[in-house]
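Source file: structure-v6.txt (compact mmCIF, C-alpha atoms)
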# COMPACT_ATOMS: atom_id res chain seq x y z
CA MET A 960 6.80 6.75 -10.87
CA ALA A 961 8.39 10.07 -11.75
CA GLY A 962 7.33 11.50 -8.38
CA LEU A 963 8.94 8.60 -6.52
CA VAL A 964 12.15 8.84 -8.52
CA ALA A 965 12.33 12.59 -7.92
CA ARG A 966 11.61 12.10 -4.20
CA TYR A 967 14.27 9.42 -3.60
CA ASP A 968 16.94 10.79 -5.93
CA THR A 969 19.74 11.06 -3.39
CA ALA A 970 22.48 8.69 -2.31
CA GLU A 971 20.95 8.10 1.12
CA LEU A 972 17.30 7.81 0.02
CA TRP A 973 17.48 5.72 -3.16
CA PRO A 974 17.02 2.35 -1.36
CA TRP A 975 13.46 3.40 -0.45
CA LEU A 976 12.65 3.48 -4.14
CA LEU A 977 12.98 -0.31 -4.35
CA PRO A 978 9.92 -1.28 -2.26
CA THR A 979 7.84 1.73 -3.33
CA ALA A 980 8.34 1.48 -7.11
CA PRO A 981 5.99 -1.53 -7.40
CA LEU A 982 3.23 0.68 -5.99
CA ALA A 983 3.58 2.97 -8.98
CA ILE A 984 3.93 0.07 -11.41
CA PHE A 985 1.09 -2.18 -10.21
CA GLY A 986 -1.07 0.45 -8.49
CA PRO A 987 -2.77 2.15 -11.45
CA ARG A 988 -3.68 -1.17 -13.07
CA LEU A 989 -5.02 -2.60 -9.81
CA ALA A 990 -7.03 0.57 -9.21
CA ALA A 991 -8.51 0.48 -12.72
CA ILE A 992 -9.48 -3.19 -12.39
CA ASP A 993 -11.02 -2.62 -8.96
CA LEU A 994 -13.05 0.33 -10.25
CA ASP A 995 -14.22 -1.66 -13.26
CA VAL A 996 -15.10 -5.08 -11.80
CA GLN A 997 -14.74 -4.51 -8.03
CA ARG A 998 -12.08 -7.20 -7.75
CA LEU A 999 -8.37 -7.17 -7.09
CA PRO A 1000 -6.90 -10.11 -9.01
CA ASP A 1001 -4.47 -12.41 -7.22
CA LYS A 1002 -2.43 -12.74 -10.41
CA LEU A 1003 -1.36 -9.10 -9.86
CA LEU A 1004 -1.50 -8.95 -6.05
CA LEU A 1005 0.79 -11.94 -5.51
CA PRO A 1006 3.64 -10.76 -7.79
CA MET A 1007 3.41 -7.29 -6.26
CA ALA A 1008 3.66 -8.75 -2.74
CA VAL A 1009 6.64 -10.91 -3.72
CA ILE A 1010 8.47 -8.02 -5.41
CA VAL A 1011 7.86 -5.66 -2.47
CA SER A 1012 9.01 -8.30 0.02
CA MET A 1013 12.14 -9.10 -2.00
CA ALA A 1014 12.89 -5.39 -2.31
CA VAL A 1015 12.65 -4.95 1.47
CA ILE A 1016 15.04 -7.88 1.96
CA ALA A 1017 17.40 -6.41 -0.66
CA ILE A 1018 17.55 -2.96 0.94
CA THR A 1019 17.98 -4.56 4.35
CA ILE A 1020 21.06 -6.34 3.02
CA LEU A 1021 22.32 -3.27 1.13
CA THR A 1022 21.94 -0.89 4.06
CA GLY A 1023 22.91 -3.39 6.77
CA ASP A 1024 19.85 -2.38 8.78
CA PRO A 1025 17.94 -5.52 9.90
CA ALA A 1026 15.49 -3.38 11.87
CA ARG A 1027 14.16 -2.10 8.53
CA ALA A 1028 12.91 -5.56 7.54
CA GLY A 1029 11.42 -6.16 10.97
CA ARG A 1030 9.62 -2.82 10.87
CA ALA A 1031 8.41 -3.39 7.31
CA PHE A 1032 6.98 -6.83 7.93
CA ALA A 1033 5.50 -5.84 11.30
CA GLY A 1034 3.79 -2.87 9.66
CA GLY A 1035 2.52 -5.08 6.85
CA LEU A 1036 1.18 -7.60 9.34
CA ALA A 1037 -0.51 -4.87 11.38
CA SER A 1038 -2.13 -3.41 8.26
CA LEU A 1039 -3.21 -6.86 7.09
CA ALA A 1040 -4.64 -7.76 10.51
CA GLY A 1041 -6.50 -4.47 10.89
CA HIS A 1042 -8.09 -4.77 7.47
CA TRP A 1043 -8.89 -8.45 8.06
CA ILE A 1044 -10.80 -7.45 11.20
CA LEU A 1045 -12.69 -4.84 9.15
CA HIS A 1046 -13.38 -7.47 6.49
CA ARG A 1047 -14.84 -9.84 9.09
CA ALA A 1048 -16.79 -7.10 10.87
CA SER A 1049 -18.31 -5.83 7.63
CA ARG A 1050 -19.28 -9.37 6.58
CA GLY A 1051 -17.50 -9.03 3.27
CA GLY A 1052 -18.31 -5.35 2.69
CA LEU A 1053 -14.56 -4.81 2.60
CA GLY A 1054 -13.27 -7.34 0.11
CA TYR A 1055 -10.51 -9.83 0.84
CA GLY A 1056 -8.51 -8.42 -2.07
CA ASP A 1057 -8.43 -5.10 -0.22
CA VAL A 1058 -7.12 -6.94 2.85
CA LYS A 1059 -4.28 -8.52 0.87
CA LEU A 1060 -3.50 -5.21 -0.82
CA ALA A 1061 -3.39 -3.45 2.56
CA GLY A 1062 -0.81 -5.96 3.79
CA THR A 1063 1.44 -5.44 0.78
CA LEU A 1064 1.11 -1.66 0.96
CA GLY A 1065 1.86 -1.90 4.67
CA ILE A 1066 5.15 -3.65 3.94
CA ALA A 1067 6.13 -1.07 1.32
CA THR A 1068 5.26 2.01 3.37
CA SER A 1069 6.60 0.62 6.67
CA SER A 1070 9.96 -0.03 5.02
CA ILE A 1071 10.36 3.76 5.10
CA ASN A 1072 8.94 4.20 8.61
CA LEU A 1073 5.75 3.50 10.54
CA THR A 1074 4.65 7.12 10.23
CA THR A 1075 4.50 6.68 6.47
CA LEU A 1076 2.25 3.65 6.96
CA TRP A 1077 0.02 5.67 9.29
CA TRP A 1078 -0.32 8.56 6.83
CA SER A 1079 -0.86 6.15 3.95
CA LEU A 1080 -3.82 4.59 5.72
CA MET A 1081 -5.22 7.90 6.95
CA ILE A 1082 -5.09 9.47 3.50
CA GLY A 1083 -6.71 6.42 1.91
CA VAL A 1084 -9.46 6.15 4.52
CA SER A 1085 -10.16 9.88 4.46
CA ALA A 1086 -10.37 10.01 0.68
CA ALA A 1087 -12.66 6.98 0.62
CA ALA A 1088 -14.85 8.45 3.35
CA ILE A 1089 -15.24 11.69 1.40
CA TRP A 1090 -15.82 9.98 -1.94
CA SER A 1091 -18.26 7.29 -0.79
CA PRO A 1092 -21.15 9.58 0.25
CA ALA A 1093 -20.52 11.81 -2.73
CA THR A 1094 -21.25 8.95 -5.14
CA GLN A 1095 -24.27 7.72 -3.16
CA ARG A 1096 -23.72 4.14 -4.30
CA ARG A 1097 -24.99 1.21 -2.31
CA GLY A 1098 -23.43 -2.21 -1.98
CA HIS A 1099 -19.77 -3.03 -2.35
CA PHE A 1100 -17.28 -0.22 -2.25
CA THR A 1101 -14.07 -0.11 -4.25
CA TYR A 1102 -11.52 0.62 -1.55
CA GLY A 1103 -8.38 -0.53 -3.41
CA PRO A 1104 -7.88 2.67 -5.42
CA TRP A 1105 -8.01 4.72 -2.22
CA LEU A 1106 -5.48 2.47 -0.47
CA ILE A 1107 -3.16 2.83 -3.45
CA ALA A 1108 -3.64 6.61 -3.66
CA GLY A 1109 -2.92 6.94 0.06
CA ALA A 1110 0.25 4.86 -0.19
CA LEU A 1111 1.56 6.74 -3.23
CA THR A 1112 0.77 10.11 -1.68
CA ALA A 1113 2.41 9.24 1.62
CA THR A 1114 5.53 7.76 0.04
CA THR A 1115 5.92 10.61 -2.46
CA LEU A 1116 4.98 13.67 -0.43
CA LEU A 1117 5.20 12.87 3.27
CA ALA A 1118 8.06 10.41 3.69
CA PRO A 1119 11.31 11.79 5.13

Please express the file's structure as structure tokens.
Amino acid sequence: MAGLVARYDTAELWPWLLPTAPLAIFGPRLAAIDLDVQRLPDKLLLPMAVIVSMAVIAITILTGDPARAGRAFAGGLASLAGHWILHRASRGGLGYGDVKLAGTLGIATSSINLTTLWWSLMIGVSAAAIWSPATQRRGHFTYGPWLIAGALTATTLLAP
């Protein structure tokens, strides 16, 4: 959270803190739960999605930029759809909780710009691809922590 606050601590950038702050608030808990029981609970995913969506609507109203909301929800839908396709193709290897998380993270990162969404996904996928063979575990893979790490890294370090 401190990294996000330091990153968006200017008059023109502070609205981006609204949709990204829930990533720092919910993210570590979701990651810990996913690592422990390989599940992402809806009782945390749903409130996070609602808060992120409301924050995007709020900054759209505050900044008077309706394109921001369109971009955010289009990015979230694209991320959700892409991960849903992976979920179906992997026959459940990628959990549905990861799909829902990807949609919410897509909304949050796309509210900044679509490049941030792209880097968020690339960082998460790359980190997961490096970590997975290193652990040599078979079966289900906990992808949620990597999605969250990618989104937090992209929004803190790479966003404009």

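Nearest residue to Val996 of chain A, choosing from A:Ser1038, A:Ser1012, A:Thr1101, A:Thr1112 and counting only C-alpha atoms: A:Thr1101.
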
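Between atom CA of Asp993 of chain A and atom CA of Gly1054 of chain A there is a distance of 10.5 Å.
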
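Excluding Val1084 of chain A and any residue on its chain fewer than 3 positions from it, the residues at most 12 Å away by all atoms listed in the file are His1042, Ala1061, Trp1077, Trp1078, Ser1079, Leu1080, Met1081, Ala1087, Ala1088, Ile1089, Trp1090, Ser1091, Thr1101, Tyr1102, Gly1103, Pro1104, Trp1105, Leu1106, Ile1107, Ala1108, Gly1109 and Ala1110 of chain A.
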
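Computed from the coordinates, the atom CA of Lys1002 of chain A to atom CA of Arg988 of chain A distance equals 11.9 Å.
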
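The interatomic distance for the pair atom CA of Ile984 of chain A and atom CA of Met960 of chain A works out to 7.3 Å.
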
Would you tabulate, counting only C-alpha atoms, all residues of segment 992-1066 of chain A that have an atom at most 6 Å from an atom of segment 964-978 of chain A, showing the closest pair of atoms and their distance in Å to one decimal, sorted by chain then ascending number, as a Markdown table?
| residue | atom | partner | partner_atom | distance |
| --- | --- | --- | --- | --- |
| A:Val1011 | CA | A:Pro978 | CA | 4.8 |
| A:Ala1014 | CA | A:Pro978 | CA | 5.1 |
| A:Val1015 | CA | A:Pro978 | CA | 5.9 |
| A:Ile1018 | CA | A:Pro974 | CA | 5.8 |

Please produce a file of those selected residues containing C-alpha atoms, as a PDB file, in the frame of the given file.
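The result, written out as part04.pdb:
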ATOM      1  CA  VAL A1011       7.860  -5.660  -2.470  1.00  0.00           C
ATOM      2  CA  ALA A1014      12.890  -5.390  -2.310  1.00  0.00           C
ATOM      3  CA  VAL A1015      12.650  -4.950   1.470  1.00  0.00           C
ATOM      4  CA  ILE A1018      17.550  -2.960   0.940  1.00  0.00           C
TER       5      ILE A1018
END

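With distances restricted to all atoms listed in the file, A:Ser1069 is the closest residue to Ala1031 of chain A from A:Ser1049, A:Ser1085, A:Thr1074, A:Ser1069.
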
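In terms of minimum interatomic distance to Ala1067 of chain A, A:Met1013 ranks closest within A:Leu989, A:Met1013, A:Ala1040, A:Ala961, counting only C-alpha atoms.
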
Gly1051 of chain A proximity check over A:Phe1100, A:Leu999, A:Ala983, A:Leu1073, using all atoms listed in the file: winner is A:Phe1100

Nearest to Pro1000 of chain A, restricted to all atoms listed in the file and choosing among A:Gly1041, A:Arg1030, A:Arg1047, A:Tyr1055, comes out as A:Tyr1055

Can you put N, CA and C atoms back into segment 1051-1077 of chain A and show it as a tab-separated table (two decimals), in the frame of the given file?
chain	number	residue	atom	x	y	z
A	1051	GLY	N	-17.84	-9.03	4.68
A	1051	GLY	CA	-17.50	-9.03	3.27
A	1051	GLY	C	-17.69	-7.70	2.58
A	1052	GLY	N	-18.15	-6.67	3.30
A	1052	GLY	CA	-18.31	-5.35	2.69
A	1052	GLY	C	-16.96	-4.80	2.23
A	1053	LEU	N	-15.94	-5.10	3.01
A	1053	LEU	CA	-14.56	-4.81	2.60
A	1053	LEU	C	-14.03	-6.11	2.04
A	1054	GLY	N	-13.67	-6.11	0.78
A	1054	GLY	CA	-13.27	-7.34	0.11
A	1054	GLY	C	-11.94	-7.89	0.61
A	1055	TYR	N	-11.75	-9.20	0.41
A	1055	TYR	CA	-10.51	-9.83	0.84
A	1055	TYR	C	-9.33	-9.37	-0.01
A	1056	GLY	N	-9.58	-8.98	-1.25
A	1056	GLY	CA	-8.51	-8.42	-2.07
A	1056	GLY	C	-7.97	-7.13	-1.47
A	1057	ASP	N	-8.85	-6.33	-0.90
A	1057	ASP	CA	-8.43	-5.10	-0.22
A	1057	ASP	C	-7.57	-5.43	1.00
A	1058	VAL	N	-7.90	-6.51	1.68
A	1058	VAL	CA	-7.12	-6.94	2.85
A	1058	VAL	C	-5.71	-7.32	2.42
A	1059	LYS	N	-5.60	-8.11	1.36
A	1059	LYS	CA	-4.28	-8.52	0.87
A	1059	LYS	C	-3.49	-7.32	0.36
A	1060	LEU	N	-4.16	-6.42	-0.34
A	1060	LEU	CA	-3.50	-5.21	-0.82
A	1060	LEU	C	-2.98	-4.37	0.34
A	1061	ALA	N	-3.79	-4.24	1.39
A	1061	ALA	CA	-3.39	-3.45	2.56
A	1061	ALA	C	-2.13	-4.03	3.20
A	1062	GLY	N	-2.01	-5.34	3.25
A	1062	GLY	CA	-0.81	-5.96	3.79
A	1062	GLY	C	0.43	-5.64	2.97
A	1063	THR	N	0.31	-5.74	1.66
A	1063	THR	CA	1.44	-5.44	0.78
A	1063	THR	C	1.82	-3.96	0.86
A	1064	LEU	N	0.83	-3.09	0.84
A	1064	LEU	CA	1.11	-1.66	0.96
A	1064	LEU	C	1.70	-1.34	2.32
A	1065	GLY	N	1.29	-2.07	3.34
A	1065	GLY	CA	1.86	-1.90	4.67
A	1065	GLY	C	3.33	-2.23	4.71
A	1066	ILE	N	3.73	-3.29	4.02
A	1066	ILE	CA	5.15	-3.65	3.94
A	1066	ILE	C	5.94	-2.54	3.24
A	1067	ALA	N	5.42	-2.09	2.10
A	1067	ALA	CA	6.13	-1.07	1.32
A	1067	ALA	C	6.28	0.24	2.07
A	1068	THR	N	5.20	0.71	2.69
A	1068	THR	CA	5.26	2.01	3.37
A	1068	THR	C	6.01	1.91	4.70
A	1069	SER	N	5.88	0.79	5.39
A	1069	SER	CA	6.60	0.62	6.67
A	1069	SER	C	8.09	0.46	6.47
A	1070	SER	N	8.52	0.08	5.27
A	1070	SER	CA	9.96	-0.03	5.02
A	1070	SER	C	10.62	1.34	5.12
A	1071	ILE	N	9.84	2.40	4.92
A	1071	ILE	CA	10.36	3.76	5.10
A	1071	ILE	C	10.32	4.08	6.58
A	1072	ASN	N	9.13	4.09	7.16
A	1072	ASN	CA	8.94	4.20	8.61
A	1072	ASN	C	7.46	3.97	8.91
A	1073	LEU	N	7.13	3.78	10.17
A	1073	LEU	CA	5.75	3.50	10.54
A	1073	LEU	C	4.85	4.72	10.39
A	1074	THR	N	5.43	5.90	10.45
A	1074	THR	CA	4.65	7.12	10.23
A	1074	THR	C	4.12	7.17	8.80
A	1075	THR	N	4.93	6.72	7.87
A	1075	THR	CA	4.50	6.68	6.47
A	1075	THR	C	3.32	5.72	6.31
A	1076	LEU	N	3.38	4.56	6.98
A	1076	LEU	CA	2.25	3.65	6.96
A	1076	LEU	C	1.00	4.33	7.52
A	1077	TRP	N	1.16	4.99	8.66
A	1077	TRP	CA	0.02	5.67	9.29
A	1077	TRP	C	-0.61	6.68	8.33
